[in-house]
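This is entry.txt (compact mmCIF, C-alpha atoms).
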# COMPACT_ATOMS: atom_id res chain seq x y z
CA MET F 1 0.00 0.00 0.00
CA ALA F 2 2.82 2.40 0.87
CA HIS F 3 4.61 1.77 -2.42
CA HIS F 4 1.49 2.36 -4.48
CA ALA F 5 0.75 5.57 -2.58
CA VAL F 6 4.17 7.08 -3.23
CA ALA F 7 4.90 5.73 -6.71
CA MET F 8 1.50 6.21 -8.30
CA THR F 9 0.24 9.43 -6.74
CA PRO F 10 2.37 12.30 -8.10
CA PHE F 11 1.95 11.64 -11.81
CA THR F 12 -1.64 10.49 -11.49
CA MET F 13 -2.45 13.74 -9.70
CA LEU F 14 -0.83 15.61 -12.58
CA ALA F 15 -2.61 13.49 -15.18
CA VAL F 16 -6.08 13.95 -13.73
CA LEU F 17 -5.89 17.69 -13.14
CA TRP F 18 -2.76 19.64 -12.28
CA GLY F 19 -0.09 18.67 -14.85
CA TYR F 20 -1.15 20.89 -17.71
CA PRO F 21 -1.75 23.97 -15.50
CA LEU F 22 1.61 23.36 -13.80
CA LEU F 23 3.42 23.45 -17.14
CA GLU F 24 1.35 26.25 -18.70
CA ARG F 25 0.70 28.63 -15.82
CA GLY F 26 3.44 27.50 -13.45
CA ALA F 27 6.35 27.02 -15.86
CA GLY F 28 5.09 29.52 -18.44
CA LEU F 29 4.97 27.18 -21.44
CA ASP F 30 2.68 27.86 -24.37
CA PRO F 31 -0.35 25.51 -24.49
CA GLY F 32 0.96 23.36 -27.36
CA THR F 33 4.38 22.81 -25.80
CA ALA F 34 2.84 22.06 -22.39
CA GLY F 35 0.50 19.50 -23.95
CA MET F 36 3.27 17.83 -25.97
CA LEU F 37 5.65 17.66 -23.00
CA PHE F 38 3.00 16.21 -20.73
CA THR F 39 1.89 13.66 -23.33
CA ALA F 40 5.48 12.59 -23.99
CA ALA F 41 6.10 12.23 -20.26
CA ALA F 42 3.04 9.99 -20.00
CA LEU F 43 3.84 7.78 -23.00
CA ALA F 44 7.62 7.36 -22.78
CA PRO F 45 7.79 5.22 -19.61
CA MET F 46 5.15 2.80 -20.89
CA VAL F 47 7.75 1.04 -23.02
CA LEU F 48 9.52 0.00 -19.81
CA VAL F 49 6.57 -1.73 -18.18
CA PRO F 50 6.64 -5.11 -19.98
CA PHE F 51 10.37 -5.48 -19.38
CA LEU F 52 10.30 -4.42 -15.75
CA ALA F 53 7.25 -6.57 -15.00
CA ARG F 54 9.01 -9.63 -16.40
CA LEU F 55 12.20 -8.75 -14.58
CA THR F 56 10.58 -8.25 -11.18
CA GLY F 57 8.42 -11.36 -11.70
CA ALA F 58 11.44 -13.50 -12.53
CA ARG F 59 13.68 -11.92 -9.89
CA PRO F 60 11.64 -10.97 -6.83
CA GLY F 61 14.81 -9.83 -5.07
CA LEU F 62 14.91 -6.80 -7.39
CA ARG F 63 11.58 -5.51 -6.12
CA LYS F 64 12.94 -4.09 -2.89
CA PRO F 65 15.74 -1.97 -4.38
CA LEU F 66 13.48 -0.89 -7.25
CA ALA F 67 10.66 0.04 -4.88
CA LEU F 68 12.89 2.00 -2.52
CA THR F 69 14.82 3.76 -5.29
CA LEU F 70 11.64 4.76 -7.05
CA ALA F 71 9.89 5.89 -3.86
CA TRP F 72 12.75 8.08 -2.67
CA THR F 73 13.59 9.46 -6.13
CA VAL F 74 10.00 10.54 -6.70
CA SER F 75 9.60 11.94 -3.16
CA LEU F 76 12.86 13.86 -3.12
CA GLY F 77 12.32 15.10 -6.67
CA TRP F 78 9.02 16.69 -5.70
CA LEU F 79 10.56 18.03 -2.49
CA ALA F 80 13.16 19.79 -4.68
CA VAL F 81 10.39 21.26 -6.88
CA VAL F 82 8.46 22.53 -3.86
CA ALA F 83 11.50 23.84 -1.96
CA TRP F 84 13.28 25.45 -4.95
CA PRO F 85 13.97 29.07 -4.00
CA GLY F 86 12.27 31.79 -6.01
CA GLY F 87 9.70 29.65 -7.82
CA LEU F 88 9.76 26.44 -9.83
CA PRO F 89 13.15 25.02 -10.77
CA PRO F 90 14.35 25.36 -14.38
CA LEU F 91 12.11 23.61 -16.89
CA TRP F 92 14.58 20.76 -17.47
CA ALA F 93 14.52 19.93 -13.74
CA THR F 94 10.73 20.14 -13.44
CA ALA F 95 10.32 18.07 -16.62
CA THR F 96 12.76 15.45 -15.26
CA VAL F 97 10.74 15.12 -12.05
CA ILE F 98 7.55 14.77 -14.10
CA VAL F 99 9.07 12.05 -16.32
CA VAL F 100 10.43 10.13 -13.31
CA SER F 101 6.99 10.43 -11.70
CA ALA F 102 5.39 9.11 -14.88
CA ALA F 103 7.78 6.15 -14.80
CA GLY F 104 6.82 5.58 -11.18
CA ALA F 105 3.12 5.59 -12.02
CA VAL F 106 3.47 2.99 -14.76
CA ILE F 107 5.90 0.79 -12.80
CA ALA F 108 3.97 1.00 -9.51
CA PRO F 109 1.45 -1.78 -10.27
CA SER F 110 4.18 -4.26 -11.27
CA VAL F 111 5.83 -3.94 -7.88
CA SER F 112 2.93 -3.02 -5.60
CA PHE F 113 0.61 -5.85 -6.64
CA ASP F 114 3.47 -8.37 -6.53
CA TYR F 115 4.06 -7.40 -2.91
CA ALA F 116 0.33 -7.68 -2.19
CA ARG F 117 0.25 -11.26 -3.51
CA ASP F 118 3.37 -12.46 -1.66
CA GLY F 119 2.50 -14.84 1.13
CA MET F 120 -1.26 -14.38 0.70
CA PRO F 121 -3.62 -17.31 0.43
CA ALA F 122 -5.11 -17.41 -3.07
CA GLN F 123 -8.58 -16.48 -1.79
CA ARG F 124 -7.22 -13.26 -0.24
CA THR F 125 -5.24 -11.87 -3.18
CA GLY F 126 -8.23 -9.95 -4.54
CA VAL F 127 -8.73 -8.15 -1.23
CA ALA F 128 -4.99 -7.40 -1.00
CA ALA F 129 -4.94 -6.00 -4.53
CA ALA F 130 -8.01 -3.87 -3.79
CA LEU F 131 -6.38 -2.40 -0.69
CA VAL F 132 -3.24 -1.57 -2.66
CA ASN F 133 -5.32 0.07 -5.38
CA MET F 134 -7.34 2.04 -2.83
CA SER F 135 -4.20 3.35 -1.15
CA GLY F 136 -2.91 4.74 -4.44
CA PHE F 137 -6.16 6.27 -5.62
CA GLY F 138 -7.11 7.48 -2.15
CA THR F 139 -3.82 9.34 -1.90
CA VAL F 140 -4.39 10.79 -5.38
CA VAL F 141 -7.79 12.15 -4.33
CA LEU F 142 -6.35 13.70 -1.15
CA ALA F 143 -3.35 15.25 -2.92
CA THR F 144 -5.42 16.58 -5.84
CA THR F 145 -8.05 18.09 -3.56
CA ALA F 146 -5.48 19.62 -1.22
CA ALA F 147 -3.62 21.17 -4.17
CA GLY F 148 -6.87 22.69 -5.46
CA ALA F 149 -7.77 24.09 -2.06
CA LEU F 150 -4.33 25.64 -1.64
CA LEU F 151 -4.39 27.11 -5.15
CA ASP F 152 -7.84 28.60 -4.45
CA ALA F 153 -6.57 30.06 -1.17
CA GLN F 154 -3.82 31.83 -3.13
CA GLY F 155 -6.19 33.26 -5.72
CA GLY F 156 -5.83 30.48 -8.26
CA PRO F 157 -2.93 28.93 -10.19
CA THR F 158 -1.13 32.21 -10.90
CA GLY F 159 2.45 30.97 -11.28
CA GLY F 160 5.23 28.69 -10.10
CA PRO F 161 5.23 29.76 -6.43
CA ALA F 162 1.49 29.05 -6.18
CA PHE F 163 2.08 25.49 -7.41
CA GLN F 164 4.97 25.06 -4.99
CA VAL F 165 2.68 25.83 -2.06
CA ALA F 166 -0.15 23.73 -3.53
CA PHE F 167 2.06 20.66 -3.91
CA VAL F 168 3.31 20.67 -0.30
CA PRO F 169 0.63 18.11 0.75
CA LEU F 170 1.69 15.86 -2.14
CA VAL F 171 5.30 16.01 -0.96
CA ALA F 172 4.29 15.35 2.65
CA MET F 173 2.24 12.30 1.61
CA ALA F 174 5.00 10.99 -0.67
CA LEU F 175 7.71 11.37 1.97
CA THR F 176 5.50 9.72 4.59
CA ALA F 177 4.68 6.79 2.30
CA ALA F 178 8.36 6.42 1.33
CA ALA F 179 9.36 6.35 5.01
CA VAL F 180 6.67 3.77 5.83
CA LEU F 181 7.77 1.68 2.84
CA THR F 182 11.39 1.83 4.01
CA VAL F 183 10.47 0.66 7.51
CA LEU F 184 8.24 -2.13 6.21
CA LEU F 185 10.77 -3.38 3.66
CA ARG F 186 13.52 -3.54 6.27
CA ARG F 187 11.44 -6.32 7.86
CA TYR F 188 10.32 -7.88 4.57
CA PRO F 189 11.90 -11.31 4.00
CA ARG F 190 14.37 -11.60 1.15
CA ARG F 191 12.78 -13.42 -1.80
CA THR F 192 14.47 -15.50 -4.44
CA ALA F 193 13.41 -16.47 -7.95
CA ASP F 194 12.00 -19.78 -6.71
CA GLY F 195 9.84 -17.98 -4.13
CA GLY F 196 11.99 -19.01 -1.17
Structure re-expressed in structure tokens:
Amino acid sequence: MAHHAVAMTPFTMLAVLWGYPLLERGAGLDPGTAGMLFTAAALAPMVLVPFLARLTGARPGLRKPLALTLAWTVSLGWLAVVAWPGGLPPLWATATVIVVSAAGAVIAPSVSFDYARDGMPAQRTGVAAALVNMSGFGTVVLATTAAGALLDAQGGPTGGPAFQVAFVPLVAMALTAAAVLTVLLRRYPRRTADGG
């Protein structure tokens, strides 16, 4: 649940509502460039999914380093965007964080649902998968709503600093989920390809 919350939430929040305004009003891009950049960020990581899903399925021991690396990279990337002095970071840095977040969103199910199935009786895997899914989408709803409320409180999405304030709850949720994931995975048994 923690992995899905941190890996899926940032880009999904951008995809459902705040990505285009962030690039257009926050970063100052023209509408066509903002749309193309956001679309490319969404599509590019999808080519990785079949390969990573096979890799993590065949080598369960890779899940833990992949999950932790992804969780902390996404969390710290958004922390850098929010904490950047004087407004949003340069476009290349913001775009990099968006692309890494997109990769996280498309990779999240491969890892999160594998963890949910590990050690579960077959009749419980559906419930485990549902809980994982709810944690991701529940966090998306909270982060998206909080960003909207904070943007409204500032008079709307007027520029980069407004988005920095609005995305503070997203960063707080991502860092919390990454910390919980780290604690839980420290206790998670090491898995091998044969399931042992």
Å distance separating CA of Pro89 in chain F from CA of Gly156 in chain F, one decimal place =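 Rounded to one decimal, the two atoms are 19.9 Å apart.
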As AutoDock Vina command-line options, please report the centre and edge lengths, rounded to one decimal in Å, of the axis-aligned box that holds all listed atoms of range 121-128 of chain F with 6 Å of padding on each of the six sides.
--center_x -6.2 --center_y -12.4 --center_z -2.1 --size_x 17.1 --size_y 22.0 --size_z 17.0
Quote the spacing between CA of Trp92 in chain F and CA of Met8 in chain F in Å to one decimal place.
-> 21.6 Å
Which of these residues is nearest to Ala93 in chain F, using all atoms listed in the file: F:Thr176, F:Ala27, F:Leu131, F:Leu181?
->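 The closest residue to Ala93 in chain F is F:Ala27.
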Fewer than 5 positions away in the same chain doesn't count, so skip those; otherwise give me all residues within 9 Å of range 113-120 of chain F, counting all atoms listed in the file, as a PyMOL selection string.
-> chain F and resi 1+4+56-57+60+63+108+125-126+128-129+131-133+195
Residues within 12 Å of Gly32 in chain F, all atoms listed in the file, excluding chain neighbours under 5 positions, as a list in words = Tyr20, Leu23, Glu24, Leu37, Phe38 and Thr39 of chain F
Contact residues around Arg54 in chain F with all atoms listed in the file at 12 Å, ignoring same-chain residues under 4 positions, as number ranges by chain = F: 48-50, 58-60, 62-63, 107, 110-111, 114, 193
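Note that the spacing between CA of Gly87 in chain F and CA of Pro161 in chain F amounts to 4.7 Å.
Nearest to Ala40 in chain F of all the residues F:Ala102, F:Ala149, F:Arg186, F:Ala174 is F:Ala102, counting all atoms listed in the file.
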Excluding Gln164 in chain F and its own-chain neighbours fewer than 6 positions away, which residues fall within 12 Å of it when counting only C-alpha atoms? Please give them as a CSV table (one decimal) with C-alpha atoms, keeping the file's coordinate frame.
chain,number,residue,atom,x,y,z
F,18,TRP,CA,-2.8,19.6,-12.3
F,22,LEU,CA,1.6,23.4,-13.8
F,26,GLY,CA,3.4,27.5,-13.4
F,27,ALA,CA,6.4,27.0,-15.9
F,78,TRP,CA,9.0,16.7,-5.7
F,79,LEU,CA,10.6,18.0,-2.5
F,80,ALA,CA,13.2,19.8,-4.7
F,81,VAL,CA,10.4,21.3,-6.9
F,82,VAL,CA,8.5,22.5,-3.9
F,83,ALA,CA,11.5,23.8,-2.0
F,84,TRP,CA,13.3,25.4,-5.0
F,85,PRO,CA,14.0,29.1,-4.0
F,86,GLY,CA,12.3,31.8,-6.0
F,87,GLY,CA,9.7,29.6,-7.8
F,88,LEU,CA,9.8,26.4,-9.8
F,89,PRO,CA,13.2,25.0,-10.8
F,94,THR,CA,10.7,20.1,-13.4
F,147,ALA,CA,-3.6,21.2,-4.2
F,150,LEU,CA,-4.3,25.6,-1.6
F,151,LEU,CA,-4.4,27.1,-5.2
F,154,GLN,CA,-3.8,31.8,-3.1
F,157,PRO,CA,-2.9,28.9,-10.2
F,158,THR,CA,-1.1,32.2,-10.9
F,170,LEU,CA,1.7,15.9,-2.1
F,171,VAL,CA,5.3,16.0,-1.0
Using only C-alpha atoms, which residue out of F:Gly160, F:Val100, F:Ala95, F:Leu43 lies closest to Thr69 in chain F?
->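 Looking at the shortest contact to Thr69 in chain F, the residue is F:Val100.
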Considering all atoms listed in the file, return as a PyMOL selection string whatever protein or nucleic-acid residues lie within 9 Å of Val180 in chain F, sequence-local ones (same chain, fewer than 5 positions apart) excluded.
-> chain F and resi 2-3+175+185
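Among F:Val99, F:Val6, F:Ala41, F:Val47, the residue with the shortest atom-to-atom distance to Thr182 in chain F, counting all atoms listed in the file, is F:Val6.
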